[in-house]
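K.L.:
Here's a structure for you.
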Amino acid sequence: MFFLLLIAFAACKNEKKVAISAQSIVDNAIAVSGDSLYKTKKMSFDFRNKKYVLLQENGKRIMKRIFKQDSTIVTDVKAAKFTRLVNDSVVAVADSTARKYDNAINSVFYFALLPYGLNDAAVKKEYLGEVTIKSKQYYKVKVTFSEANGGDDFEDTYLYWFNKETAKPDYLAYKFFVNDGGMRFRVAYNERYVNGIRFVDYENYKPKSESMNILQIDKMFQNNELELLSKIELDNIIVY
C-alpha cells in the first residue's frame with residue numbers, strides 16, 4: 001500500500017509539472033479560445049477603416065485587407081506571395097513595399113487570433129512563473145522566435161499573462177525594434193465569442209520610460225508607470 005501511495009504521489013507531481021509548462025499553458029488557452037475552429041473557419045472583421053478577410057482553401061490560409069483609397073477599392077492579398085489589386089486589377093508593387101504590407105496584414109491577424117499563433121513553428125516559449133495582477137493569479141510566459149520562419153521581427157520579445165482560472169491571456173506585452181523600437185503592454189477587454197472563436201479588444205499602453213526592462217512591465221502597469229496610447233478594436237466580426 002505504501003509503495004502504491006508513493007507511485008500515486010509521484011504521478012501527481014508529474015501531472016502538476018506538465019500542467020504548468022509553457023506549452024501546456026498555451027495549449028489550454030487555444031483549447032478554450034477556438035481550438036480546431038482556427039484551422040477551418042473563415043472570417044472577416046473591420047479594423048481602423050479597413051476590412052480584413054481570412055479564407056481557408058485546401059489547408060492554406062489566404063488573408064486579405066480591403067479598403068477604399070480615393071475613388072478606388074484596394075485589395076491586398078497575403079498568400080504564397082503578396083498581391084495588390086486596385087479595382088480588381090493587379091498592380092505592380094516594389095518588393096520592399098510588398099513585404100511591408102504583407103507584414104502589416106500578418107500582424108493584424110496575429111493579434112486578432114491570439115492565442116492561436118503561439119504554436120507556430122518559429123515560436124519558442126518559456127514559463128516564467130506565477131504572478132498576481134489586480135488580485136488575480138496568472139501564468140507568465142515569455143515568447144521569442146527563431147530566425148528561421150520567424151519573419152522580419154524575429155528579434156522581438158513577447159510576454160503573455162494567462163489567467164489561472166480561465167486559461168485565457170488577459171494581458172500581453174512586447175518589445176520591438178522596427179521604427180526606432182519600443183515596448184507595448186495590452187489589456188484585453190470586451191471578450192466575445194463569434195461562432196466558437198474568442199475575440200477581444202485591447203487597451204494599448206507604453207512605458208513612460210523606455211529604459212525599463214520588458215520583463216518588469218507588468219509591475220510598471222500596476223505602479224501606474226504606463227500611459228494609454230490607443231485602443232485596438234475589432235468591429236463587424238463574422239465567422240462562418
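Identifiers for the C-alpha cells are assigned positionally: chains receive A, B, ... in sequence, residues are indexed from 1 per chain, and ligands are indexed from 1 in the order shown.
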Do a neighbour search on Arg48 of chain A at 12 Å with only C-alpha atoms, toss out local chain neighbours closer than 2 positions, and write the hits as a ChimeraX atom specification.
P.N.:
/A:45-46,50-52,65-68,108,230-236
K.L.:
Store the residues picked out above, limited to N, CA, C and O atoms, as a PDB file, in the first residue's frame.
P.N.:
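Okay, this is what ended up in part.pdb:
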```pdb
ATOM      1  N   PHE A  45     -13.542  40.957 -40.441  1.00  0.00           N
ATOM      2  CA  PHE A  45     -13.773  41.972 -39.418  1.00  0.00           C
ATOM      3  C   PHE A  45     -13.232  43.308 -39.922  1.00  0.00           C
ATOM      4  O   PHE A  45     -12.442  43.359 -40.876  1.00  0.00           O
ATOM      5  N   ASP A  46     -13.670  44.370 -39.285  1.00  0.00           N
ATOM      6  CA  ASP A  46     -13.200  45.716 -39.625  1.00  0.00           C
ATOM      7  C   ASP A  46     -12.232  46.194 -38.561  1.00  0.00           C
ATOM      8  O   ASP A  46     -12.463  45.997 -37.353  1.00  0.00           O
ATOM      9  N   LYS A  50     -10.517  49.545 -42.352  1.00  0.00           N
ATOM     10  CA  LYS A  50     -10.168  48.545 -43.350  1.00  0.00           C
ATOM     11  C   LYS A  50     -10.870  47.242 -43.008  1.00  0.00           C
ATOM     12  O   LYS A  50     -11.069  46.928 -41.826  1.00  0.00           O
ATOM     13  N   LYS A  51     -11.244  46.487 -44.029  1.00  0.00           N
ATOM     14  CA  LYS A  51     -11.849  45.177 -43.812  1.00  0.00           C
ATOM     15  C   LYS A  51     -10.791  44.096 -43.997  1.00  0.00           C
ATOM     16  O   LYS A  51     -10.007  44.133 -44.954  1.00  0.00           O
ATOM     17  N   TYR A  52     -10.770  43.159 -43.069  1.00  0.00           N
ATOM     18  CA  TYR A  52      -9.828  42.044 -43.133  1.00  0.00           C
ATOM     19  C   TYR A  52     -10.609  40.751 -43.320  1.00  0.00           C
ATOM     20  O   TYR A  52     -11.633  40.531 -42.653  1.00  0.00           O
ATOM     21  N   ARG A  65      -6.784  42.332 -47.069  1.00  0.00           N
ATOM     22  CA  ARG A  65      -7.057  43.642 -46.478  1.00  0.00           C
ATOM     23  C   ARG A  65      -7.693  44.494 -47.570  1.00  0.00           C
ATOM     24  O   ARG A  65      -7.101  44.686 -48.630  1.00  0.00           O
ATOM     25  N   ILE A  66      -8.886  44.994 -47.305  1.00  0.00           N
ATOM     26  CA  ILE A  66      -9.645  45.719 -48.325  1.00  0.00           C
ATOM     27  C   ILE A  66      -9.990  47.113 -47.800  1.00  0.00           C
ATOM     28  O   ILE A  66     -10.505  47.249 -46.676  1.00  0.00           O
ATOM     29  N   PHE A  67      -9.720  48.140 -48.599  1.00  0.00           N
ATOM     30  CA  PHE A  67     -10.037  49.498 -48.165  1.00  0.00           C
ATOM     31  C   PHE A  67     -10.229  50.406 -49.375  1.00  0.00           C
ATOM     32  O   PHE A  67      -9.805  50.094 -50.502  1.00  0.00           O
ATOM     33  N   LYS A  68     -10.864  51.516 -49.107  1.00  0.00           N
ATOM     34  CA  LYS A  68     -11.132  52.490 -50.159  1.00  0.00           C
ATOM     35  C   LYS A  68     -10.043  53.551 -50.149  1.00  0.00           C
ATOM     36  O   LYS A  68      -9.682  54.079 -49.101  1.00  0.00           O
ATOM     37  N   VAL A 108      -1.956  42.124 -37.970  1.00  0.00           N
ATOM     38  CA  VAL A 108      -3.348  42.310 -37.567  1.00  0.00           C
ATOM     39  C   VAL A 108      -3.994  40.961 -37.250  1.00  0.00           C
ATOM     40  O   VAL A 108      -4.659  40.801 -36.210  1.00  0.00           O
ATOM     41  N   SER A 230      -3.631  54.027 -27.183  1.00  0.00           N
ATOM     42  CA  SER A 230      -4.737  53.833 -28.102  1.00  0.00           C
ATOM     43  C   SER A 230      -5.561  52.639 -27.658  1.00  0.00           C
ATOM     44  O   SER A 230      -5.230  51.951 -26.685  1.00  0.00           O
ATOM     45  N   LYS A 231      -6.641  52.401 -28.397  1.00  0.00           N
ATOM     46  CA  LYS A 231      -7.434  51.196 -28.201  1.00  0.00           C
ATOM     47  C   LYS A 231      -7.449  50.410 -29.511  1.00  0.00           C
ATOM     48  O   LYS A 231      -7.548  50.989 -30.588  1.00  0.00           O
ATOM     49  N   ILE A 232      -7.315  49.108 -29.387  1.00  0.00           N
ATOM     50  CA  ILE A 232      -7.315  48.205 -30.534  1.00  0.00           C
ATOM     51  C   ILE A 232      -8.672  47.526 -30.557  1.00  0.00           C
ATOM     52  O   ILE A 232      -8.959  46.654 -29.739  1.00  0.00           O
ATOM     53  N   GLU A 233      -9.528  47.920 -31.501  1.00  0.00           N
ATOM     54  CA  GLU A 233     -10.897  47.427 -31.501  1.00  0.00           C
ATOM     55  C   GLU A 233     -11.261  46.809 -32.854  1.00  0.00           C
ATOM     56  O   GLU A 233     -10.979  47.376 -33.907  1.00  0.00           O
ATOM     57  N   LEU A 234     -11.890  45.636 -32.796  1.00  0.00           N
ATOM     58  CA  LEU A 234     -12.381  44.944 -33.978  1.00  0.00           C
ATOM     59  C   LEU A 234     -13.893  45.103 -34.055  1.00  0.00           C
ATOM     60  O   LEU A 234     -14.591  44.922 -33.049  1.00  0.00           O
ATOM     61  N   ASP A 235     -14.391  45.419 -35.232  1.00  0.00           N
ATOM     62  CA  ASP A 235     -15.821  45.625 -35.419  1.00  0.00           C
ATOM     63  C   ASP A 235     -16.367  44.696 -36.499  1.00  0.00           C
ATOM     64  O   ASP A 235     -15.614  44.210 -37.351  1.00  0.00           O
ATOM     65  N   ASN A 236     -17.664  44.487 -36.465  1.00  0.00           N
ATOM     66  CA  ASN A 236     -18.371  43.723 -37.507  1.00  0.00           C
ATOM     67  C   ASN A 236     -17.732  42.361 -37.765  1.00  0.00           C
ATOM     68  O   ASN A 236     -17.498  41.959 -38.910  1.00  0.00           O
TER      69      ASN A 236
END
```
K.L.:
Which residues come within 10 Å of segment 209-225 of chain A, counting only C-alpha atoms, excluding same-chain residues fewer than 5 positions away, as a list in words?
P.N.:
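Counting only C-alpha atoms, the residues come to Leu128, Val131, Thr132, Ile133, Lys134, Lys140, Lys142, Thr157, Tyr158, Leu159, Tyr160, Trp161, Tyr171, Leu172, Ala173, Tyr174, Lys175, Gly181, Gly182, Met183, Arg184, Phe185, Arg186 and Val187 of chain A.
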K.L.:
Can you write just those residues out, N, CA and C atoms, as a PDB file, in the first residue's frame?
P.N.:
```
ATOM      1  N   LEU A 128       7.708  31.564 -17.031  1.00  0.00           N
ATOM      2  CA  LEU A 128       8.423  32.444 -16.110  1.00  0.00           C
ATOM      3  C   LEU A 128       7.881  32.418 -14.685  1.00  0.00           C
ATOM      4  N   VAL A 131       2.382  35.095 -11.291  1.00  0.00           N
ATOM      5  CA  VAL A 131       2.379  36.487 -10.817  1.00  0.00           C
ATOM      6  C   VAL A 131       0.939  36.877 -10.495  1.00  0.00           C
ATOM      7  N   THR A 132       0.794  37.951  -9.750  1.00  0.00           N
ATOM      8  CA  THR A 132      -0.517  38.486  -9.407  1.00  0.00           C
ATOM      9  C   THR A 132      -0.684  39.849 -10.056  1.00  0.00           C
ATOM     10  N   ILE A 133      -1.780  40.030 -10.778  1.00  0.00           N
ATOM     11  CA  ILE A 133      -2.126  41.325 -11.363  1.00  0.00           C
ATOM     12  C   ILE A 133      -3.563  41.633 -10.976  1.00  0.00           C
ATOM     13  N   LYS A 134      -3.750  42.734 -10.274  1.00  0.00           N
ATOM     14  CA  LYS A 134      -5.086  43.151  -9.832  1.00  0.00           C
ATOM     15  C   LYS A 134      -5.825  42.019  -9.110  1.00  0.00           C
ATOM     16  N   LYS A 140       2.871  33.430 -16.277  1.00  0.00           N
ATOM     17  CA  LYS A 140       3.611  34.363 -17.132  1.00  0.00           C
ATOM     18  C   LYS A 140       4.496  33.564 -18.092  1.00  0.00           C
ATOM     19  N   LYS A 142       7.061  33.758 -21.565  1.00  0.00           N
ATOM     20  CA  LYS A 142       7.880  34.560 -22.487  1.00  0.00           C
ATOM     21  C   LYS A 142       7.935  33.862 -23.839  1.00  0.00           C
ATOM     22  N   THR A 157      10.539  40.365 -28.518  1.00  0.00           N
ATOM     23  CA  THR A 157      10.227  39.555 -27.337  1.00  0.00           C
ATOM     24  C   THR A 157       8.798  39.832 -26.909  1.00  0.00           C
ATOM     25  N   TYR A 158       8.042  38.775 -26.665  1.00  0.00           N
ATOM     26  CA  TYR A 158       6.660  38.900 -26.221  1.00  0.00           C
ATOM     27  C   TYR A 158       6.488  38.271 -24.842  1.00  0.00           C
ATOM     28  N   LEU A 159       5.540  38.802 -24.093  1.00  0.00           N
ATOM     29  CA  LEU A 159       5.151  38.234 -22.808  1.00  0.00           C
ATOM     30  C   LEU A 159       3.637  38.077 -22.792  1.00  0.00           C
ATOM     31  N   TYR A 160       3.171  36.989 -22.187  1.00  0.00           N
ATOM     32  CA  TYR A 160       1.737  36.745 -22.059  1.00  0.00           C
ATOM     33  C   TYR A 160       1.421  36.355 -20.622  1.00  0.00           C
ATOM     34  N   TRP A 161       0.283  36.843 -20.139  1.00  0.00           N
ATOM     35  CA  TRP A 161      -0.185  36.512 -18.804  1.00  0.00           C
ATOM     36  C   TRP A 161      -1.503  35.763 -18.944  1.00  0.00           C
ATOM     37  N   TYR A 171      -3.522  39.642 -20.571  1.00  0.00           N
ATOM     38  CA  TYR A 171      -2.541  40.696 -20.819  1.00  0.00           C
ATOM     39  C   TYR A 171      -1.459  40.172 -21.758  1.00  0.00           C
ATOM     40  N   LEU A 172      -0.874  41.068 -22.522  1.00  0.00           N
ATOM     41  CA  LEU A 172       0.307  40.729 -23.301  1.00  0.00           C
ATOM     42  C   LEU A 172       1.180  41.970 -23.423  1.00  0.00           C
ATOM     43  N   ALA A 173       2.445  41.735 -23.695  1.00  0.00           N
ATOM     44  CA  ALA A 173       3.393  42.840 -23.882  1.00  0.00           C
ATOM     45  C   ALA A 173       4.423  42.411 -24.899  1.00  0.00           C
ATOM     46  N   TYR A 174       5.083  43.396 -25.514  1.00  0.00           N
ATOM     47  CA  TYR A 174       6.135  43.048 -26.456  1.00  0.00           C
ATOM     48  C   TYR A 174       7.141  44.187 -26.585  1.00  0.00           C
ATOM     49  N   LYS A 175       8.356  43.780 -26.902  1.00  0.00           N
ATOM     50  CA  LYS A 175       9.442  44.720 -27.179  1.00  0.00           C
ATOM     51  C   LYS A 175       9.816  44.548 -28.645  1.00  0.00           C
ATOM     52  N   GLY A 181      11.996  51.233 -32.420  1.00  0.00           N
ATOM     53  CA  GLY A 181      11.747  50.305 -31.328  1.00  0.00           C
ATOM     54  C   GLY A 181      10.884  50.869 -30.214  1.00  0.00           C
ATOM     55  N   GLY A 182      10.622  50.021 -29.229  1.00  0.00           N
ATOM     56  CA  GLY A 182       9.821  50.431 -28.086  1.00  0.00           C
ATOM     57  C   GLY A 182       9.193  49.237 -27.400  1.00  0.00           C
ATOM     58  N   MET A 183       8.325  49.508 -26.436  1.00  0.00           N
ATOM     59  CA  MET A 183       7.619  48.466 -25.698  1.00  0.00           C
ATOM     60  C   MET A 183       6.138  48.811 -25.635  1.00  0.00           C
ATOM     61  N   ARG A 184       5.304  47.788 -25.629  1.00  0.00           N
ATOM     62  CA  ARG A 184       3.872  47.965 -25.508  1.00  0.00           C
ATOM     63  C   ARG A 184       3.311  46.950 -24.511  1.00  0.00           C
ATOM     64  N   PHE A 185       2.227  47.351 -23.866  1.00  0.00           N
ATOM     65  CA  PHE A 185       1.524  46.482 -22.922  1.00  0.00           C
ATOM     66  C   PHE A 185       0.043  46.582 -23.240  1.00  0.00           C
ATOM     67  N   ARG A 186      -0.612  45.438 -23.456  1.00  0.00           N
ATOM     68  CA  ARG A 186      -2.014  45.440 -23.845  1.00  0.00           C
ATOM     69  C   ARG A 186      -2.884  44.751 -22.798  1.00  0.00           C
ATOM     70  N   VAL A 187      -4.021  45.361 -22.556  1.00  0.00           N
ATOM     71  CA  VAL A 187      -5.001  44.823 -21.618  1.00  0.00           C
ATOM     72  C   VAL A 187      -6.235  44.407 -22.411  1.00  0.00           C
TER      73      VAL A 187
END
```
K.L.:
Find the residue from A:Ala121, A:Ile62, A:Leu113, A:Leu228 that sits nearest to Pro169 of chain A; use only C-alpha atoms when measuring.
P.N.:
A:Leu113
K.L.:
Please provide as a ChimeraX atom specification all residues within 9 Å of Gln137 of chain A, with the sequence filter that same-chain residues fewer than 5 positions apart are discarded (counting only C-alpha atoms).
P.N.:
/A:130-132,162-165
K.L.:
Taking only C-alpha atoms into account, which of A:Tyr205, A:Phe199, A:Tyr138, A:Phe145 comes nearest Asn119 of chain A?
P.N.:
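That would be A:Phe145, the residue with the smallest distance to Asn119 of chain A.
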K.L.:
Would you mind writing down, as a PyMOL selection string, each residue of segment 19-98 of chain A that DSSP on the backbone assigns to strand (DSSP E)?
P.N.:
chain A and resi 43-47+50-57+60-69+72-78+82-86+89-91
K.L.:
When you count only C-alpha atoms, which of these residues is closest to Gly196 of chain A: A:Ala79, A:Leu226, A:Val32, A:Ala167?
P.N.:
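Distance minimum relative to Gly196 of chain A lands on A:Val32.
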K.L.:
I need the residue nearest Phe47 of chain A from this list: A:Asp95, A:Gln23, A:Phe109, A:Ala188. Use only C-alpha atoms for the distance.
P.N.:
A:Phe109
K.L.:
Residues within 7 Å of Leu55 of chain A, please, as a list in words. Count only C-alpha atoms; anything in the same chain fewer than 4 positions from it doesn't count.
P.N.:
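Skipping anything fewer than 4 positions along the chain leaves Lys42, Met43, Arg61, Ile62 and Met63 of chain A.
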K.L.:
Set the distance at 10 Å and use only C-alpha atoms: which residues neighbour Thr40 of chain A once local chain neighbours fewer than 6 positions away are removed? I'd like the list as JSON, numbers by chain.
P.N.:
{"A": [55, 56, 57, 58, 59, 60, 61, 240]}
K.L.:
For the selection just defined, write its residues with N, CA, C and O atoms to a file, as a tab-separated table (two decimals), in the first residue's frame.
P.N.:
```
chain	number	residue	atom	x	y	z
A	55	LEU	N	-9.53	33.50	-45.42
A	55	LEU	CA	-10.10	32.35	-46.13
A	55	LEU	C	-9.23	31.12	-45.87
A	55	LEU	O	-8.02	31.24	-45.67
A	56	GLN	N	-9.86	29.96	-45.88
A	56	GLN	CA	-9.15	28.69	-45.72
A	56	GLN	C	-9.40	27.88	-46.98
A	56	GLN	O	-10.55	27.48	-47.25
A	57	GLU	N	-8.35	27.64	-47.75
A	57	GLU	CA	-8.51	26.90	-49.00
A	57	GLU	C	-7.47	25.79	-49.10
A	57	GLU	O	-6.27	26.05	-49.16
A	58	ASN	N	-7.95	24.54	-49.08
A	58	ASN	CA	-7.08	23.38	-49.18
A	58	ASN	C	-5.97	23.39	-48.13
A	58	ASN	O	-4.81	23.09	-48.40
A	59	GLY	N	-6.34	23.75	-46.91
A	59	GLY	CA	-5.40	23.76	-45.81
A	59	GLY	C	-4.48	24.96	-45.78
A	59	GLY	O	-3.61	25.04	-44.92
A	60	LYS	N	-4.66	25.89	-46.68
A	60	LYS	CA	-3.82	27.09	-46.73
A	60	LYS	C	-4.65	28.32	-46.39
A	60	LYS	O	-5.83	28.39	-46.73
A	61	ARG	N	-4.01	29.28	-45.74
A	61	ARG	CA	-4.71	30.48	-45.32
A	61	ARG	C	-4.44	31.61	-46.31
A	61	ARG	O	-3.29	31.85	-46.69
A	240	TYR	N	-17.64	32.16	-40.27
A	240	TYR	CA	-18.54	31.24	-40.97
A	240	TYR	C	-17.77	30.03	-41.51
A	240	TYR	O	-16.56	29.98	-41.49
```
K.L.:
Running DSSP on the backbone, which parts of segment 5-213 of chain A land in alpha helix (DSSP H), as a PyMOL selection string?
P.N.:
chain A and resi 5-19+22-33+95-112
K.L.:
If you measure from atom CA of Phe176 of chain A to atom CA of Asp156 of chain A, what distance in Å do you get, rounded to one decimal?
P.N.:
4.9 Å
K.L.:
Could you tell me how far atom CA of Lys124 of chain A lies from atom CA of Ser146 of chain A, in Å and to one decimal?
P.N.:
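These two atoms are separated by 7.1 Å.
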K.L.:
Name the closest residue to Ala92 of chain A among the candidates A:Asp76, A:Asp170, A:Asp180, A:Asp120; distances are taken between atoms, counting only C-alpha atoms.
P.N.:
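With only C-alpha atoms as the atom set, the closest residue is A:Asp76.
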